[in-house]
$ cat input06.pdb   # PDB, C-alpha atoms
ATOM      1  CA  MET F 939       0.000   0.000   0.000  1.00  0.00           C
ATOM      2  CA  LYS F 940       1.561   3.284  -1.130  1.00  0.00           C
ATOM      3  CA  LEU F 941       0.541   6.670   0.244  1.00  0.00           C
ATOM      4  CA  LEU F 942       0.387  10.001  -1.552  1.00  0.00           C
ATOM      5  CA  GLN F 943       1.315  13.112   0.434  1.00  0.00           C
ATOM      6  CA  ILE F 944      -1.335  15.792  -0.138  1.00  0.00           C
ATOM      7  CA  GLY F 945       0.042  18.371   2.269  1.00  0.00           C
ATOM      8  CA  PHE F 946       0.340  19.161   5.983  1.00  0.00           C
ATOM      9  CA  GLY F 947       0.842  15.541   7.034  1.00  0.00           C
ATOM     10  CA  ASN F 948      -2.219  14.280   5.164  1.00  0.00           C
ATOM     11  CA  THR F 949      -2.017  11.256   2.893  1.00  0.00           C
ATOM     12  CA  VAL F 950      -4.241   9.324   0.497  1.00  0.00           C
ATOM     13  CA  ILE F 951      -3.891   5.707  -0.629  1.00  0.00           C
ATOM     14  CA  VAL F 952      -2.503   5.910  -4.164  1.00  0.00           C
ATOM     15  CA  ASP F 953      -4.623   3.067  -5.547  1.00  0.00           C
ATOM     16  CA  ARG F 954      -7.816   4.907  -4.538  1.00  0.00           C
ATOM     17  CA  VAL F 955      -7.097   8.129  -6.455  1.00  0.00           C
ATOM     18  CA  VAL F 956      -9.182   8.464  -9.614  1.00  0.00           C
ATOM     19  CA  ALA F 957      -8.429  12.088 -10.577  1.00  0.00           C
ATOM     20  CA  VAL F 958      -6.598  15.221  -9.487  1.00  0.00           C
ATOM     21  CA  VAL F 959      -8.190  18.412 -10.810  1.00  0.00           C
ATOM     22  CA  THR F 960      -7.994  22.156 -10.325  1.00  0.00           C
ATOM     23  CA  PRO F 961     -10.865  23.735  -8.379  1.00  0.00           C
ATOM     24  CA  ASN F 962     -11.419  26.767 -10.617  1.00  0.00           C
ATOM     25  CA  SER F 963     -14.058  25.544 -13.077  1.00  0.00           C
ATOM     26  CA  SER F 964     -17.806  25.619 -12.475  1.00  0.00           C
ATOM     27  CA  PRO F 965     -18.212  21.834 -12.703  1.00  0.00           C
ATOM     28  CA  MET F 966     -15.574  21.351 -10.004  1.00  0.00           C
ATOM     29  CA  LYS F 967     -17.300  23.912  -7.780  1.00  0.00           C
ATOM     30  CA  ARG F 968     -20.571  22.000  -8.243  1.00  0.00           C
ATOM     31  CA  LEU F 969     -18.809  18.715  -7.492  1.00  0.00           C
ATOM     32  CA  ARG F 970     -17.449  20.217  -4.301  1.00  0.00           C
ATOM     33  CA  GLU F 971     -20.874  21.480  -3.197  1.00  0.00           C
ATOM     34  CA  GLU F 972     -22.596  18.167  -3.988  1.00  0.00           C
ATOM     35  CA  ALA F 973     -19.949  16.261  -2.019  1.00  0.00           C
ATOM     36  CA  LYS F 974     -20.391  18.619   0.923  1.00  0.00           C
ATOM     37  CA  LYS F 975     -24.163  18.132   0.925  1.00  0.00           C
ATOM     38  CA  SER F 976     -23.861  14.350   0.792  1.00  0.00           C
ATOM     39  CA  GLY F 977     -21.091  14.088   3.414  1.00  0.00           C
ATOM     40  CA  ARG F 978     -18.369  12.946   0.993  1.00  0.00           C
ATOM     41  CA  LEU F 979     -16.156  16.061   1.267  1.00  0.00           C
ATOM     42  CA  ILE F 980     -12.838  15.858   3.108  1.00  0.00           C
ATOM     43  CA  ASP F 981     -11.071  19.184   3.687  1.00  0.00           C
ATOM     44  CA  ALA F 982      -7.314  18.622   4.019  1.00  0.00           C
ATOM     45  CA  THR F 983      -6.350  22.271   3.392  1.00  0.00           C
ATOM     46  CA  CYS F 984      -5.764  23.155   7.069  1.00  0.00           C
ATOM     47  CA  GLY F 985      -7.492  26.497   6.525  1.00  0.00           C
ATOM     48  CA  ARG F 986      -5.560  27.454   3.411  1.00  0.00           C
ATOM     49  CA  LYS F 987      -6.785  28.123  -0.113  1.00  0.00           C
ATOM     50  CA  THR F 988      -7.921  25.049  -2.059  1.00  0.00           C
ATOM     51  CA  ARG F 989      -5.530  24.495  -4.952  1.00  0.00           C
ATOM     52  CA  SER F 990      -6.524  20.979  -5.993  1.00  0.00           C
ATOM     53  CA  ILE F 991      -9.369  18.513  -5.713  1.00  0.00           C
ATOM     54  CA  ILE F 992      -8.715  14.794  -5.458  1.00  0.00           C
ATOM     55  CA  ILE F 993     -11.488  12.401  -6.430  1.00  0.00           C
ATOM     56  CA  THR F 994     -11.285   8.903  -4.984  1.00  0.00           C
ATOM     57  CA  HIS F 995     -12.545   5.483  -6.000  1.00  0.00           C
ATOM     58  CA  SER F 996     -15.267   5.689  -3.328  1.00  0.00           C
ATOM     59  CA  ASN F 997     -16.489   8.995  -4.810  1.00  0.00           C
ATOM     60  CA  HIS F 998     -15.105  11.034  -1.925  1.00  0.00           C
ATOM     61  CA  VAL F 999     -13.833  14.519  -2.759  1.00  0.00           C
ATOM     62  CA  ILE F1000     -10.654  15.644  -0.989  1.00  0.00           C
ATOM     63  CA  LEU F1001      -9.553  19.285  -0.955  1.00  0.00           C
ATOM     64  CA  SER F1002      -5.832  20.040  -0.827  1.00  0.00           C
ATOM     65  CA  ALA F1003      -3.792  23.230  -0.558  1.00  0.00           C
ATOM     66  CA  ILE F1004      -1.088  21.721  -2.795  1.00  0.00           C
ATOM     67  CA  GLN F1005      -1.121  22.526  -6.535  1.00  0.00           C
ATOM     68  CA  ALA F1006      -2.682  19.856  -8.771  1.00  0.00           C
ATOM     69  CA  ASP F1007       0.516  19.736 -10.864  1.00  0.00           C
ATOM     70  CA  THR F1008       2.592  18.958  -7.781  1.00  0.00           C
ATOM     71  CA  ILE F1009       0.262  16.166  -6.707  1.00  0.00           C
ATOM     72  CA  ALA F1010       0.264  14.764 -10.255  1.00  0.00           C
ATOM     73  CA  GLN F1011       4.076  14.747 -10.261  1.00  0.00           C
ATOM     74  CA  ARG F1012       4.090  12.901  -6.928  1.00  0.00           C
ATOM     75  CA  LEU F1013       1.636  10.341  -8.333  1.00  0.00           C
ATOM     76  CA  ALA F1014       3.756   9.873 -11.439  1.00  0.00           C
ATOM     77  CA  ALA F1015       6.869   9.324  -9.330  1.00  0.00           C
ATOM     78  CA  ILE F1016       5.066   6.665  -7.281  1.00  0.00           C
ATOM     79  CA  TYR F1017       3.825   4.862 -10.403  1.00  0.00           C
ATOM     80  CA  GLU F1018       7.333   4.909 -11.909  1.00  0.00           C
ATOM     81  CA  ASP F1019       8.599   3.074  -8.814  1.00  0.00           C
ATOM     82  CA  LYS F1020       6.108   0.217  -9.267  1.00  0.00           C
TER      83      LYS F1020
END
$ encode --input "input06.pdb" --output "structure tokens"
Amino acid sequence: MKLLQIGFGNTVIVDRVVAVVTPNSSPMKRLREEAKKSGRLIDATCGRKTRSIIITHSNHVILSAIQADTIAQRLAAIYEDK
């Protein structure tokens, strides 16, 4: 089981990540609101600005203060090690 660092000591299981997206578009804002209403939103920003949204296999939505590009690079590095 490999873990992905998403900032401030928070991690996600790599095999559960479906997508890493930027939070700026309207569809992503709607996704965030729908997840919040249904109890599937996890805020891992520690009070900072949301810079990426991670969507998991279980349809949970995780907010991170780390740039989506940075998280994608970390994911790529983990997959290269496999």
$ residues_around --input "input06.pdb" --residues "Thr983 of chain F" --least-positions-apart "6" --cutoff "12 Å" --atoms "only C-alpha atoms" --output "list of chain:residue names"
F:Ile944, F:Gly945, F:Phe946, F:Gly947, F:Asn948, F:Thr949, F:Arg989, F:Ser990, F:Ile991, F:Ile992, F:Ile1000, F:Leu1001, F:Ser1002, F:Ala1003, F:Ile1004, F:Gln1005
$ closest_residue --input "input06.pdb" --among "F:Arg1012, F:Lys987, F:Lys940, F:Lys975" --to "Thr960 of chain F" --atoms "all atoms listed in the file"
F:Lys987
$ residues_near_point --input "input06.pdb" --point "(1.0, 14.5, -9.1)" --cutoff "12 Å" --atoms "only C-alpha atoms" --output "PyMOL selection string"
chain F and resi 942-944+952+955-960+990-992+1004-1018
$ closest_residue --input "input06.pdb" --among "F:Pro961, F:Lys974, F:Val950, F:Met966" --to "Thr988 of chain F" --atoms "all atoms listed in the file"
F:Pro961
$ resolve_selection --input "input06.pdb" --expression "the PyMOL selection byres ((chain F and resi 996) around 12)" --output "ChimeraX atom specification"
/F:951,953-957,973,978-979,992-995,997-1000
$ axis_aligned_box --input "input06.pdb" --around "segment 991-1003 of chain F" --padding-each-side "3 Å" --output "lines of an AutoDock Vina configuration file"
center_x = -10.1
center_y = 14.4
center_z = -3.5
size_x = 18.7
size_y = 23.7
size_z = 11.9
$ atom_distance --input "input06.pdb" --atom1 "atom CA of Leu969 of chain F" --atom2 "atom CA of Leu941 of chain F"
24.1 Å
$ build_atoms --input "input06.pdb" --residues "segment 954-965 of chain F" --atoms "all heavy atoms" --output "compact mmCIF listing (two decimals), in the coordinates of the input"
# COMPACT_ATOMS: atom_id res chain seq x y z
N ARG F 954 -6.44 4.41 -4.63
CA ARG F 954 -7.82 4.91 -4.54
C ARG F 954 -8.03 6.21 -5.29
O ARG F 954 -9.16 6.66 -5.45
CB ARG F 954 -8.22 5.11 -3.07
CG ARG F 954 -8.21 3.84 -2.27
CD ARG F 954 -9.29 2.93 -2.76
NE ARG F 954 -9.33 1.71 -1.97
CZ ARG F 954 -10.07 0.68 -2.27
NH1 ARG F 954 -10.84 0.72 -3.33
NH2 ARG F 954 -10.06 -0.38 -1.53
N VAL F 955 -6.98 6.85 -5.75
CA VAL F 955 -7.10 8.13 -6.46
C VAL F 955 -7.57 7.88 -7.89
O VAL F 955 -6.96 7.11 -8.62
CB VAL F 955 -5.76 8.89 -6.45
CG1 VAL F 955 -5.85 10.15 -7.29
CG2 VAL F 955 -5.34 9.22 -5.02
N VAL F 956 -8.65 8.56 -8.26
CA VAL F 956 -9.18 8.46 -9.61
C VAL F 956 -8.74 9.66 -10.44
O VAL F 956 -8.37 9.52 -11.60
CB VAL F 956 -10.72 8.37 -9.59
CG1 VAL F 956 -11.30 8.43 -10.98
CG2 VAL F 956 -11.17 7.12 -8.86
N ALA F 957 -8.78 10.87 -9.83
CA ALA F 957 -8.43 12.09 -10.58
C ALA F 957 -7.92 13.15 -9.63
O ALA F 957 -8.29 13.21 -8.46
CB ALA F 957 -9.65 12.61 -11.33
N VAL F 958 -7.06 14.02 -10.19
CA VAL F 958 -6.60 15.22 -9.49
C VAL F 958 -6.90 16.39 -10.42
O VAL F 958 -6.41 16.42 -11.55
CB VAL F 958 -5.08 15.16 -9.19
CG1 VAL F 958 -4.63 16.43 -8.49
CG2 VAL F 958 -4.75 13.94 -8.35
N VAL F 959 -7.74 17.31 -9.96
CA VAL F 959 -8.19 18.41 -10.81
C VAL F 959 -8.02 19.75 -10.10
O VAL F 959 -7.88 19.81 -8.89
CB VAL F 959 -9.67 18.21 -11.22
CG1 VAL F 959 -9.84 16.98 -12.08
CG2 VAL F 959 -10.56 18.13 -10.00
N THR F 960 -8.04 20.81 -10.89
CA THR F 960 -7.99 22.16 -10.32
C THR F 960 -9.40 22.59 -9.93
O THR F 960 -10.38 22.19 -10.57
CB THR F 960 -7.40 23.17 -11.32
OG1 THR F 960 -8.19 23.15 -12.50
CG2 THR F 960 -5.96 22.84 -11.66
N PRO F 961 -9.54 23.39 -8.91
CA PRO F 961 -10.86 23.74 -8.38
C PRO F 961 -11.52 24.95 -9.03
O PRO F 961 -12.57 25.39 -8.57
CB PRO F 961 -10.56 24.03 -6.91
CG PRO F 961 -9.19 24.60 -6.93
CD PRO F 961 -8.47 23.84 -8.02
N ASN F 962 -10.97 25.48 -10.10
CA ASN F 962 -11.42 26.77 -10.62
C ASN F 962 -12.66 26.72 -11.50
O ASN F 962 -13.37 27.71 -11.60
CB ASN F 962 -10.28 27.42 -11.40
CG ASN F 962 -9.04 27.59 -10.54
OD1 ASN F 962 -9.14 27.75 -9.33
ND2 ASN F 962 -7.88 27.53 -11.15
N SER F 963 -12.94 25.60 -12.14
CA SER F 963 -14.06 25.54 -13.08
C SER F 963 -15.40 25.37 -12.36
O SER F 963 -15.46 24.88 -11.23
CB SER F 963 -13.86 24.41 -14.08
OG SER F 963 -13.95 23.17 -13.41
N SER F 964 -16.45 25.75 -13.04
CA SER F 964 -17.81 25.62 -12.48
C SER F 964 -18.18 24.17 -12.17
O SER F 964 -18.77 23.91 -11.11
CB SER F 964 -18.83 26.24 -13.41
OG SER F 964 -18.62 27.63 -13.50
N PRO F 965 -17.88 23.23 -13.04
CA PRO F 965 -18.21 21.83 -12.70
C PRO F 965 -17.51 21.34 -11.42
O PRO F 965 -18.10 20.59 -10.64
CB PRO F 965 -17.73 21.04 -13.91
CG PRO F 965 -17.77 22.00 -15.04
CD PRO F 965 -17.40 23.33 -14.43
